[in-house]
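Colleague: Got a file for you: data.cif, mmCIF, C-alpha atoms.
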data_upload
loop_
_atom_site.label_atom_id
_atom_site.label_comp_id
_atom_site.auth_asym_id
_atom_site.auth_seq_id
_atom_site.Cartn_x
_atom_site.Cartn_y
_atom_site.Cartn_z
CA MET A 17 181.19 1.66 301.32
CA SER A 18 179.07 -0.10 298.73
CA ALA A 19 180.52 -2.49 296.17
CA GLU A 20 179.78 -3.23 292.54
CA ILE A 21 181.14 -6.27 290.71
CA ILE A 22 182.16 -5.77 287.08
CA CYS A 23 183.06 -8.95 285.23
CA VAL A 24 184.95 -8.44 281.96
CA GLY A 25 184.92 -11.02 279.21
CA THR A 26 183.06 -11.60 275.97
CA GLU A 27 183.07 -15.32 276.77
CA LEU A 28 180.76 -14.57 279.71
CA LEU A 29 178.30 -12.75 277.47
CA LEU A 30 178.31 -15.65 275.01
CA GLY A 31 177.56 -18.11 277.79
CA ASP A 32 180.75 -20.10 277.17
CA ILE A 33 181.81 -19.77 280.82
CA LEU A 34 179.69 -19.84 283.96
CA ASN A 35 180.25 -16.69 286.02
CA THR A 36 181.22 -18.28 289.33
CA ASN A 37 183.47 -15.31 290.19
CA ALA A 38 180.49 -13.03 290.75
CA GLN A 39 178.88 -15.59 293.06
CA PHE A 40 182.07 -15.99 295.10
CA LEU A 41 182.63 -12.25 295.44
CA ALA A 42 179.01 -11.61 296.41
CA GLN A 43 179.30 -14.14 299.24
CA GLN A 44 182.61 -12.66 300.36
CA LEU A 45 181.25 -9.11 300.42
CA ALA A 46 178.42 -10.33 302.65
CA ASN A 47 181.00 -11.84 305.01
CA LEU A 48 182.61 -8.41 305.28
CA GLY A 49 179.30 -6.63 305.73
CA ILE A 50 179.86 -4.54 302.60
CA PRO A 51 176.58 -3.72 300.81
CA HIS A 52 176.49 -4.94 297.23
CA TYR A 53 173.67 -3.75 294.98
CA TYR A 54 174.80 -4.22 291.38
CA GLN A 55 176.67 -6.63 289.11
CA THR A 56 177.70 -5.91 285.54
CA VAL A 57 179.04 -8.20 282.81
CA VAL A 58 180.74 -6.42 279.92
CA GLY A 59 182.66 -7.64 276.88
CA ASP A 60 186.30 -7.02 276.01
CA ASN A 61 185.65 -3.58 274.60
CA PRO A 62 187.26 -0.39 275.97
CA ALA A 63 184.29 1.88 275.24
CA ARG A 64 181.82 -0.44 276.95
CA ILE A 65 184.12 -1.03 279.92
CA LYS A 66 184.40 2.73 280.39
CA HIS A 67 180.64 3.08 280.12
CA ALA A 68 180.14 0.41 282.80
CA VAL A 69 182.51 2.28 285.14
CA ARG A 70 180.83 5.64 284.52
CA VAL A 71 177.40 4.15 285.20
CA ALA A 72 178.67 2.61 288.43
CA LEU A 73 180.19 5.90 289.60
CA GLU A 74 177.07 7.89 288.71
CA ARG A 75 174.71 5.77 290.80
CA GLU A 76 173.18 7.63 293.71
CA PRO A 77 174.41 6.40 297.12
CA LEU A 78 171.66 4.37 298.77
CA SER A 79 172.67 5.62 302.21
CA GLN A 80 175.18 7.97 303.82
CA ASP A 81 177.30 4.94 304.76
CA ASN A 82 177.74 4.01 301.09
CA SER A 83 179.58 7.17 299.99
CA ILE A 84 182.71 5.14 299.05
CA ARG A 85 182.33 3.18 295.82
CA CYS A 86 184.30 -0.06 295.60
CA LEU A 87 184.50 -1.39 292.05
CA ILE A 88 185.68 -4.99 291.86
CA PHE A 89 186.81 -6.23 288.44
CA THR A 90 187.47 -9.78 287.31
CA GLY A 91 188.88 -10.67 283.92
CA GLY A 92 190.81 -8.86 281.21
CA LEU A 93 194.26 -9.00 282.88
CA GLY A 94 195.98 -11.53 280.62
CA PRO A 95 198.73 -11.05 278.00
CA THR A 96 196.55 -11.12 274.87
CA PRO A 97 195.33 -8.07 272.92
CA ASP A 98 191.75 -8.46 274.16
CA ASP A 99 192.86 -8.21 277.82
CA LEU A 100 192.10 -4.53 278.29
CA THR A 101 191.02 -3.88 281.86
CA HIS A 102 194.09 -2.08 283.23
CA GLU A 103 194.82 0.04 280.17
CA THR A 104 191.15 1.01 279.88
CA LEU A 105 190.98 2.07 283.55
CA ALA A 106 194.19 4.09 283.19
CA ASP A 107 192.81 5.88 280.13
CA LEU A 108 189.47 6.54 281.81
CA PHE A 109 191.07 8.18 284.85
CA GLY A 110 193.70 10.02 282.80
CA VAL A 111 196.88 8.38 284.07
CA PRO A 112 199.67 6.61 282.15
CA LEU A 113 200.58 2.97 282.48
CA ALA A 114 203.76 2.25 284.43
CA GLU A 115 205.86 -0.89 284.04
CA HIS A 116 206.77 -2.70 287.25
CA GLN A 117 210.10 -4.51 287.20
CA GLU A 118 209.13 -6.73 290.13
CA ILE A 119 206.19 -8.07 288.15
CA LEU A 120 208.42 -8.91 285.19
CA GLU A 121 210.83 -10.72 287.48
CA ASP A 122 207.98 -12.64 289.10
CA ILE A 123 206.59 -13.73 285.72
CA THR A 124 210.09 -14.75 284.53
CA ARG A 125 210.61 -16.89 287.66
CA LYS A 126 207.24 -18.61 287.26
CA TYR A 127 207.95 -19.48 283.63
CA ALA A 128 211.44 -20.72 284.50
CA SER A 129 210.05 -22.96 287.24
CA ARG A 130 207.96 -24.68 284.54
CA GLY A 131 210.95 -25.01 282.22
CA ARG A 132 209.65 -22.35 279.87
CA LYS A 133 210.71 -18.89 278.71
CA MET A 134 208.49 -15.85 279.21
CA SER A 135 206.78 -14.69 276.04
CA PRO A 136 207.26 -11.01 275.09
CA SER A 137 203.49 -10.55 275.25
CA ASN A 138 203.63 -11.19 279.00
CA ARG A 139 205.36 -7.80 279.50
CA LYS A 140 201.88 -6.31 279.11
CA GLN A 141 200.90 -7.77 282.47
CA ALA A 142 203.55 -5.64 284.19
CA LEU A 143 201.85 -2.43 283.01
CA LEU A 144 199.58 -0.99 285.71
CA PRO A 145 197.90 2.41 286.07
CA GLN A 146 200.32 4.86 287.61
CA GLY A 147 199.71 5.18 291.34
CA ALA A 148 198.03 1.78 291.71
CA ALA A 149 199.41 -0.73 294.20
CA ILE A 150 200.11 -4.29 293.09
CA LEU A 151 197.64 -6.98 294.13
CA PRO A 152 199.97 -10.01 293.95
CA ASN A 153 198.94 -13.19 292.15
CA PRO A 154 200.78 -16.13 293.78
CA GLY A 155 199.19 -18.69 291.49
CA GLY A 156 199.43 -17.02 288.07
CA THR A 157 201.15 -14.39 285.98
CA ALA A 158 198.44 -11.69 285.97
CA PRO A 159 198.60 -9.38 289.01
CA GLY A 160 195.71 -7.17 290.02
CA ILE A 161 195.64 -3.67 291.47
CA LEU A 162 194.51 -1.89 294.62
CA TRP A 163 193.81 1.67 293.56
CA GLN A 164 192.06 4.81 294.73
CA PRO A 165 192.07 6.88 291.50
CA GLN A 166 189.93 9.63 293.00
CA SER A 167 188.25 10.54 296.25
CA GLY A 168 185.54 8.10 297.26
CA VAL A 169 186.51 5.44 294.70
CA VAL A 170 188.34 2.18 295.40
CA ILE A 171 189.19 -0.19 292.56
CA LEU A 172 190.30 -3.81 292.91
CA THR A 173 191.10 -5.97 289.90
CA PHE A 174 191.53 -9.72 289.62
CA PRO A 175 192.20 -12.19 286.83
CA GLY A 176 189.27 -14.24 285.59
CA VAL A 177 190.73 -17.60 286.65
CA PRO A 178 188.61 -18.51 289.71
CA SER A 179 191.36 -20.27 291.70
CA GLU A 180 193.74 -17.32 291.25
CA MET A 181 191.07 -14.74 291.99
CA GLN A 182 189.92 -16.48 295.17
CA ARG A 183 193.42 -16.80 296.59
CA MET A 184 194.21 -13.16 295.81
CA TRP A 185 190.97 -12.09 297.45
CA GLN A 186 191.65 -13.98 300.67
CA GLU A 187 195.35 -13.20 300.99
CA THR A 188 195.43 -9.51 299.97
CA ALA A 189 192.03 -7.96 299.25
CA VAL A 190 190.35 -8.94 302.52
CA PRO A 191 193.16 -7.52 304.72
CA TYR A 192 193.17 -4.39 302.57
CA LEU A 193 189.43 -3.80 302.91
CA LYS A 194 189.62 -4.46 306.64
CA SER A 195 192.42 -1.87 306.89
CA LEU A 196 189.93 0.63 305.45
CA GLY A 197 187.61 -0.11 308.37
CA PHE A 198 185.33 -2.70 306.79
CA GLY A 199 184.59 -6.15 308.10
CA GLN A 200 183.45 -4.89 311.50
CA GLU A 201 180.02 -6.21 310.63
CA ILE A 202 179.02 -9.23 308.59
CA ILE A 203 175.90 -10.22 306.68
CA TYR A 204 174.85 -13.73 307.64
CA SER A 205 172.04 -15.60 305.91
CA GLN A 206 169.96 -18.65 306.59
CA THR A 207 167.89 -20.20 303.81
CA LEU A 208 164.61 -21.90 304.67
CA LYS A 209 163.46 -24.46 302.08
CA PHE A 210 159.93 -25.46 301.11
CA TRP A 211 158.35 -27.96 298.72
CA GLY A 212 154.77 -28.25 297.52
CA ILE A 213 153.90 -24.56 297.63
CA ALA A 214 154.22 -21.89 294.94
CA GLU A 215 156.57 -18.93 295.47
CA ALA A 216 153.67 -16.44 295.27
CA ALA A 217 151.61 -18.39 297.81
CA LEU A 218 154.50 -18.58 300.26
CA ALA A 219 155.26 -14.88 299.77
CA GLU A 220 151.63 -14.08 300.65
CA LYS A 221 151.84 -16.14 303.81
CA ALA A 222 155.11 -14.46 304.78
CA ALA A 223 154.08 -10.95 303.65
CA ALA A 224 154.36 -9.47 307.14
CA PHE A 225 158.08 -10.37 307.23
CA LEU A 226 159.18 -9.19 303.79
CA ASN A 227 159.80 -5.56 304.78
CA LEU A 228 161.76 -6.10 307.98
CA PRO A 229 164.95 -3.97 308.26
CA ASN A 230 167.11 -6.52 310.13
CA PRO A 231 166.83 -9.36 309.44
CA THR A 232 165.58 -9.07 305.89
CA VAL A 233 163.48 -11.80 304.29
CA ALA A 234 163.38 -12.52 300.54
CA PRO A 235 161.61 -15.32 298.63
CA TYR A 236 162.92 -17.03 295.52
CA ALA A 237 162.37 -20.31 293.68
CA SER A 238 164.41 -22.81 291.70
CA GLN A 239 163.37 -26.07 290.00
CA GLY A 240 160.21 -26.45 292.04
CA GLU A 241 161.82 -25.60 295.35
CA VAL A 242 160.83 -22.36 297.09
CA LYS A 243 163.18 -20.60 299.51
CA LEU A 244 163.06 -17.80 302.03
CA ARG A 245 166.45 -16.22 302.62
CA VAL A 246 166.69 -14.59 306.05
CA SER A 247 169.71 -12.26 306.32
CA ALA A 248 170.98 -10.33 309.33
CA LYS A 249 173.70 -7.73 309.69
CA ALA A 250 175.65 -8.07 312.93
CA THR A 251 179.11 -7.99 314.45
CA SER A 252 179.46 -11.79 314.43
CA PRO A 253 177.77 -14.89 312.98
CA GLU A 254 176.58 -15.83 316.46
CA THR A 255 174.83 -12.49 316.97
CA ALA A 256 173.33 -12.69 313.49
CA LYS A 257 171.94 -16.15 314.24
CA GLN A 258 170.29 -14.77 317.37
CA ILE A 259 168.65 -12.04 315.30
CA ILE A 260 167.52 -14.52 312.64
CA GLU A 261 166.15 -17.32 314.83
CA PRO A 262 162.90 -15.74 316.10
CA VAL A 263 161.92 -14.77 312.55
CA ALA A 264 163.01 -18.11 311.10
CA ARG A 265 160.99 -19.95 313.74
CA GLN A 266 157.83 -18.05 312.79
CA LEU A 267 158.46 -18.67 309.08
CA ARG A 268 158.90 -22.38 309.70
CA GLN A 269 155.58 -22.39 311.52
CA ILE A 270 153.94 -20.54 308.63
CA GLY A 271 155.35 -23.08 306.18
CA ASP A 272 154.13 -26.01 308.28
CA LEU A 273 154.49 -29.28 306.32
CA ASP A 274 155.76 -27.43 303.24
CA TYR A 275 158.96 -26.60 305.16
CA PHE A 276 161.54 -29.38 304.99
CA GLY A 277 164.91 -27.93 305.99
CA SER A 278 167.46 -25.13 305.96
CA ASP A 279 170.66 -24.22 304.11
CA GLU A 280 172.33 -27.41 302.81
CA GLU A 281 169.40 -29.67 303.67
CA THR A 282 167.80 -31.50 300.73
CA LEU A 283 164.55 -33.40 300.49
CA ALA A 284 166.59 -36.61 300.38
CA SER A 285 168.60 -35.76 303.50
CA ALA A 286 165.48 -34.59 305.36
CA LEU A 287 163.75 -37.86 304.52
CA GLY A 288 166.85 -39.79 305.52
CA LYS A 289 166.82 -38.27 309.00
CA LEU A 290 163.19 -39.27 309.49
CA LEU A 291 163.82 -42.84 308.29
CA THR A 292 166.87 -43.13 310.52
CA ALA A 293 165.00 -41.83 313.56
CA ALA A 294 162.21 -44.37 312.94
CA GLY A 295 164.59 -47.24 312.19
CA GLU A 296 162.87 -47.79 308.84
CA THR A 297 164.12 -48.60 305.34
CA LEU A 298 163.27 -47.64 301.77
CA SER A 299 163.50 -49.09 298.27
CA VAL A 300 162.46 -47.48 294.98
CA ALA A 301 161.12 -48.50 291.58
CA GLU A 302 161.60 -45.99 288.78
CA SER A 303 160.46 -45.72 285.20
CA CYS A 304 160.52 -42.19 283.72
CA THR A 305 163.11 -40.86 286.20
CA GLY A 306 165.63 -43.50 285.11
CA GLY A 307 167.49 -43.74 288.43
CA GLY A 308 167.27 -40.07 289.40
CA LEU A 309 165.39 -40.84 292.60
CA GLY A 310 167.99 -43.36 293.68
CA GLN A 311 170.77 -40.91 292.89
CA MET A 312 169.20 -38.24 295.09
CA LEU A 313 168.97 -40.71 297.96
CA THR A 314 172.53 -42.00 297.58
CA ASP A 315 173.94 -38.47 297.30
CA VAL A 316 173.37 -38.30 301.08
CA PRO A 317 176.33 -39.67 303.08
CA GLY A 318 175.30 -42.64 305.21
CA SER A 319 172.16 -43.36 303.19
CA SER A 320 173.04 -47.06 303.00
CA SER A 321 171.68 -47.43 306.53
CA TYR A 322 168.12 -46.83 305.32
CA PHE A 323 168.15 -47.00 301.51
CA TRP A 324 168.52 -50.58 300.31
CA GLY A 325 168.32 -50.15 296.55
CA GLY A 326 166.02 -49.86 293.59
CA VAL A 327 164.86 -51.13 290.24
CA ILE A 328 164.91 -49.06 287.05
CA SER A 329 161.95 -50.65 285.31
CA TYR A 330 161.98 -48.69 282.07
CA ASP A 331 160.58 -51.52 280.00
CA ASN A 332 157.26 -53.19 280.82
CA ALA A 333 158.94 -56.63 280.83
CA VAL A 334 161.04 -55.48 283.80
CA LYS A 335 157.95 -54.22 285.59
CA ILE A 336 156.38 -57.66 285.18
CA SER A 337 159.39 -59.89 285.90
CA LEU A 338 161.12 -57.98 288.71
CA LEU A 339 158.29 -56.02 290.31
CA GLY A 340 155.35 -58.37 289.82
CA VAL A 341 153.19 -55.88 287.93
CA ASN A 342 150.11 -57.57 286.49
CA PRO A 343 150.45 -57.74 282.65
CA ASP A 344 146.67 -57.51 282.26
CA ASP A 345 146.68 -54.20 284.16
CA LEU A 346 149.51 -52.94 281.98
CA MET A 347 147.49 -53.86 278.92
CA GLN A 348 144.26 -52.28 280.20
CA PHE A 349 145.50 -49.16 281.98
CA GLY A 350 148.99 -48.61 280.56
CA ALA A 351 152.35 -48.23 282.29
CA VAL A 352 151.48 -44.66 283.28
CA SER A 353 148.59 -45.34 285.62
CA ALA A 354 147.72 -45.36 289.30
CA ILE A 355 147.38 -49.13 289.54
CA VAL A 356 150.78 -49.77 287.95
CA ALA A 357 152.44 -47.20 290.23
CA GLU A 358 150.94 -48.98 293.25
CA GLN A 359 152.07 -52.41 292.06
CA MET A 360 155.58 -51.11 291.35
CA ALA A 361 155.83 -49.68 294.88
CA ALA A 362 154.44 -52.81 296.50
CA GLY A 363 156.64 -55.02 294.32
CA VAL A 364 159.94 -53.33 295.11
CA ARG A 365 159.06 -53.20 298.81
CA SER A 366 158.34 -56.92 298.80
CA ARG A 367 161.37 -57.92 296.72
CA LEU A 368 163.84 -55.90 298.76
CA GLY A 369 162.16 -56.38 302.14
CA THR A 370 162.02 -52.73 303.13
CA THR A 371 159.59 -50.79 305.31
CA TRP A 372 158.63 -48.51 302.44
CA GLY A 373 158.50 -48.73 298.66
CA LEU A 374 158.37 -45.66 296.41
CA SER A 375 157.65 -45.76 292.69
CA ILE A 376 157.50 -43.32 289.79
CA THR A 377 155.96 -43.87 286.37
CA GLY A 378 155.11 -41.08 283.94
CA ILE A 379 155.59 -39.30 280.63
CA ALA A 380 158.62 -37.00 280.75
CA GLY A 381 158.40 -35.98 277.09
CA PRO A 382 159.03 -34.26 274.86
CA ASP A 383 157.12 -36.95 272.95
CA GLY A 384 154.73 -39.69 273.98
CA GLY A 385 151.90 -37.58 275.36
CA THR A 386 148.26 -37.85 274.34
CA ALA A 387 145.10 -35.90 275.14
CA ALA A 388 144.25 -38.46 277.82
CA LYS A 389 147.81 -38.75 279.11
CA PRO A 390 149.76 -35.55 278.37
CA VAL A 391 153.45 -34.96 278.82
CA GLY A 392 154.10 -34.35 282.51
CA LEU A 393 151.52 -36.84 283.78
CA VAL A 394 153.30 -38.72 286.57
CA TYR A 395 152.02 -41.26 289.06
CA ILE A 396 153.86 -41.84 292.32
CA GLY A 397 153.23 -45.00 294.30
CA LEU A 398 153.88 -45.40 298.01
CA ALA A 399 153.71 -48.79 299.74
CA GLY A 400 153.99 -49.20 303.49
CA ILE A 401 153.09 -51.77 306.11
CA ASP A 402 149.42 -50.85 306.22
CA ALA A 403 148.54 -49.48 302.79
CA VAL A 404 149.51 -48.89 299.18
CA GLN A 405 148.67 -45.48 297.72
CA SER A 406 149.10 -43.64 294.44
CA PHE A 407 149.26 -39.93 293.69
CA GLU A 408 148.50 -38.33 290.33
CA ASN A 409 150.61 -35.32 289.33
CA HIS A 410 150.69 -33.02 286.31
CA PHE A 411 154.16 -31.51 285.88
CA GLY A 412 154.08 -30.67 282.16
CA ALA A 413 153.12 -27.00 281.96
CA GLY A 414 156.19 -25.09 280.77
CA ARG A 415 158.65 -27.78 281.84
CA ASP A 416 161.17 -29.72 279.78
CA ARG A 417 162.10 -33.39 280.13
CA ALA A 418 164.92 -32.87 282.62
CA LEU A 419 162.82 -30.66 284.88
CA ILE A 420 159.84 -33.04 284.81
CA ARG A 421 162.12 -35.89 285.89
CA HIS A 422 163.70 -33.75 288.63
CA VAL A 423 160.38 -32.52 290.01
CA SER A 424 158.96 -36.05 289.90
CA ALA A 425 161.80 -37.46 292.01
CA CYS A 426 161.62 -34.56 294.49
CA THR A 427 157.85 -34.93 294.84
CA ALA A 428 158.22 -38.64 295.54
CA LEU A 429 160.70 -37.90 298.34
CA ASP A 430 158.39 -35.21 299.67
CA LEU A 431 155.34 -37.49 299.75
CA LEU A 432 157.07 -39.98 302.03
CA ARG A 433 158.61 -37.17 304.09
CA ARG A 434 155.14 -35.75 304.75
CA GLN A 435 153.80 -39.17 305.72
CA LEU A 436 156.57 -39.57 308.30
CA GLU A 437 156.21 -35.99 309.56
CA ILE A 438 152.44 -36.42 310.06
CA ARG A 439 152.92 -39.75 311.78
CA GLY A 440 155.57 -38.24 314.04
CA ARG A 441 153.26 -35.40 315.06
CA ARG A 442 150.43 -37.84 315.71
CA ASP A 443 152.69 -40.03 317.86
CA PHE A 444 153.91 -36.97 319.75
CA LEU A 445 150.36 -35.90 320.58
CA SER A 446 149.47 -39.45 321.57
CA ARG A 447 152.42 -39.66 323.94
CA GLY A 448 151.45 -36.32 325.45
CA ALA A 449 147.90 -37.52 326.08
CA LYS A 450 149.15 -40.71 327.72
CA GLU A 451 151.50 -38.76 329.99
CA THR A 452 148.64 -36.47 331.00
CA ARG A 453 146.42 -39.44 331.90
CA SER A 454 149.23 -41.09 333.85
CA ARG A 455 149.62 -37.96 335.99
CA GLY A 456 145.88 -37.93 336.63
CA ASP A 457 145.47 -34.42 335.15
#
Will you turn the file into C-alpha cells for me?
Modeller:
Amino acid sequence: MSAEIICVGTELLLGDILNTNAQFLAQQLANLGIPHYYQTVVGDNPARIKHAVRVALEREPLSQDNSIRCLIFTGGLGPTPDDLTHETLADLFGVPLAEHQEILEDITRKYASRGRKMSPSNRKQALLPQGAAILPNPGGTAPGILWQPQSGVVILTFPGVPSEMQRMWQETAVPYLKSLGFGQEIIYSQTLKFWGIAEAALAEKAAAFLNLPNPTVAPYASQGEVKLRVSAKATSPETAKQIIEPVARQLRQIGDLDYFGSDEETLASALGKLLTAAGETLSVAESCTGGGLGQMLTDVPGSSSYFWGGVISYDNAVKISLLGVNPDDLMQFGAVSAIVAEQMAAGVRSRLGTTWGLSITGIAGPDGGTAAKPVGLVYIGLAGIDAVQSFENHFGAGRDRALIRHVSACTALDLLRRQLEIRGRRDFLSRGAKETRSRGD
C-alpha cells in the first residue's frame, strides 16, 4: 500500500489556515510503515477534486508492494453547500448517496446535549456513498468513511477539524489499516541538527550516505539550522534505532563542532547541558534582538540553574548606565561595533556575577543600514573569566528583520556552545595524557 493525502478546502489555498492535518497524517503513516509519496491541496470544487483523485489513481506504483492506493481526505464534510467531498467521490465512482439513520440520530443527540436543535442542513452529513462504511466522529457531527470503491483503492475521509480528525484516526482508522495487514513495520526517524554550516556544504560532506536504502538520509534547512533526517524501516522502534545509530554516529563525526543535538534538542538546551555539567552560569545583554536570546534560554525547563538574567539595552543610555559602556566609545564607534559588544558582555557579566556574559548589538533592519554598516551587521560579544571577545557577522543577505534577529540569537548561543565543547575536548585529552603518565606508559 502507498498513501496519498488530499486536503480539501479553499481556505487552505488562500493561506487562511495552516495545514497541520497533513503533517499529522504524514507522521502517522510513517508510524504504520505505509509509504507516502504525495500530498495534494485542492479547493472546494467538484471538478478539481475529481481531477486530484484521477491523478492520484493514475500514478505509477513505485514498487510491487504499493499496488494498493490509499487516498486519505481531510475537509469538505460539513453541512454547508461548499462541503462537497462525499458527494463528489460518489459521483466520481458512479454510486448514489445513501442516508444513514444512525448518523442522523447521533447528530440529533449531540445537538440536544448542547441544548440546541439540529439544523435541516445537517441532514447532508448523513449522506454517504453507497457501500461505504461509517468512520465515526465522537467529537463532532461530520462522520467520515472507510471505503473500497474499486479493486486496489482504499478511501478514508475525515473532517478538517484537527482534534476530530486525530481522534477518528487513532480510534478507527489505525485499527482498520492494521486489519488490512499494515502496521507490521514502522518508519522511525532521527533528526541530527547542525549550526554554522550551509545545507549544500553539509550535503557534500554526507554525500556517501544520501543514497542508502535503509536507513535513508535526507538534508534540509530551516531558519539557519541545517538538519539530516535519518529514517529506518523496521518492525519496531528499537530495531529501527539499531539500524540508525551506526549511520548517525558517522554523521555526527562528519559534522564535528557544527553538530549540536538531535530531535527536540535546541541550541539553548544543548548549551544549557554544557553549562550545567561545568557548574557555570550565564547572563546576556541584548540590543537588536530585544530579549529574543533570553527567551530562547528560558524556554528550556530548569534554565534558572544556569541562566541568571539579562539586560535589554535598546537605548544607548541603558548601555551606559546599566552595562558600563564607555560613552566616548559609543560616540566614536557607534552602538553597532566590536568594542561596544565586548563592553556589553563584560558589563552584564560583572553586574550579574555570572561565569559568562553574552551580548548582541546590530542592525536588524529594514531601515538603519549604511554602506559602512549594512542591515544584518551584528556583533556578538562573549566575556569569560580569562578574556573578552567579539565576533562580526553579516546576516543581511535575503533575510528580513525577524530572521536576522533569530539567527543572531542562535549564533550567540552557538558561539558559547563551541567554546565549551572545545574546552571540554581539551580537558578530556589532558586528563587522558595525565592518566597515561601516571601508569608509566
Colleague: Please produce, as a tab-separated table, a per-residue contact table for segment 180-279 of chain A versus segment 46-66 of chain A (criterion: any atom at most 12 Å away, only C-alpha atoms considered), showing the nearest atom pair and its distance in Å to one decimal, sorted by chain then residue number.
Modeller:
residue	atom	partner	partner_atom	distance
A:Gln186	CA	A:Leu48	CA	11.6
A:Ala189	CA	A:Leu48	CA	11.2
A:Val190	CA	A:Leu48	CA	8.2
A:Pro191	CA	A:Leu48	CA	10.6
A:Tyr192	CA	A:Leu48	CA	11.6
A:Leu193	CA	A:Leu48	CA	8.6
A:Lys194	CA	A:Leu48	CA	8.2
A:Ser195	CA	A:Leu48	CA	11.9
A:Leu196	CA	A:Leu48	CA	11.6
A:Gly197	CA	A:Leu48	CA	10.2
A:Phe198	CA	A:Leu48	CA	6.5
A:Gly199	CA	A:Leu48	CA	4.1
A:Gln200	CA	A:Leu48	CA	7.2
A:Glu201	CA	A:Gly49	CA	5.0
A:Ile202	CA	A:Gly49	CA	3.9
A:Ile203	CA	A:Ala46	CA	4.8
A:Tyr204	CA	A:Asn47	CA	7.0
A:Ser205	CA	A:Ala46	CA	8.9
A:Ser247	CA	A:Ala46	CA	9.6
A:Ala248	CA	A:Gly49	CA	9.8
A:Lys249	CA	A:Gly49	CA	6.9
A:Ala250	CA	A:Gly49	CA	8.2
A:Thr251	CA	A:Gly49	CA	8.8
A:Ser252	CA	A:Asn47	CA	9.5
A:Pro253	CA	A:Asn47	CA	9.1
A:Ala256	CA	A:Asn47	CA	11.5
Colleague: Produce a table with one row for each residue of segment 276-377 of chain A that has an atom at most 8 Å from any atom of segment 420-427 of chain A, each row naming the nearest atom pair and its distance in Å at one decimal; use all atoms listed in the file; arrange rows by chain and rising residue number; format as JSON lines.
Modeller:
{"residue": "A:Leu283", "atom": "CA", "partner": "A:Cys426", "partner_atom": "CA", "distance": 6.8}
{"residue": "A:Ala284", "atom": "CA", "partner": "A:Cys426", "partner_atom": "CA", "distance": 8.0}
{"residue": "A:Cys304", "atom": "CA", "partner": "A:Arg421", "partner_atom": "CA", "distance": 6.9}
{"residue": "A:Thr305", "atom": "CA", "partner": "A:Arg421", "partner_atom": "CA", "distance": 5.1}
{"residue": "A:Gly308", "atom": "CA", "partner": "A:Ala425", "partner_atom": "CA", "distance": 6.6}
{"residue": "A:Leu309", "atom": "CA", "partner": "A:Ala425", "partner_atom": "CA", "distance": 5.0}
{"residue": "A:Ile376", "atom": "CA", "partner": "A:Ser424", "partner_atom": "CA", "distance": 7.4}
Colleague: Could you tell me which residues the PyMOL selection byres ((chain A and resi 119) around 9) returns for this structure, as JSON, numbers by chain?
Modeller: {"A": [115, 116, 117, 118, 120, 121, 122, 123, 124, 139, 141, 142, 143, 150, 152, 157, 158, 159]}
Colleague: For a quick check of understanding, using all atoms listed in the file, which of A:Ile21, A:Gly160, A:Leu244, A:Phe210 has the smallest distance to Leu226 of chain A?
Modeller: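 Answer, going by the shortest atom-to-atom distance: A:Leu244.
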Colleague: Would you kindly return, as JSON, numbers by chain, each protein, DNA or RNA residue with an atom no farther than 10 Å from any atom of Ile88 of chain A, considering all atoms listed in the file and excluding same-chain residues fewer than 6 positions away?
Modeller: {"A": [19, 20, 21, 22, 23, 38, 41, 55, 162, 170, 171, 172, 173, 174]}
Colleague: Using only C-alpha atoms, which residue out of A:Ser303, A:Gln359, A:Asn230, A:Thr36 lies closest to Ile328 of chain A?
Modeller: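 Using only C-alpha atoms, the shortest distance to Ile328 of chain A belongs to A:Ser303.
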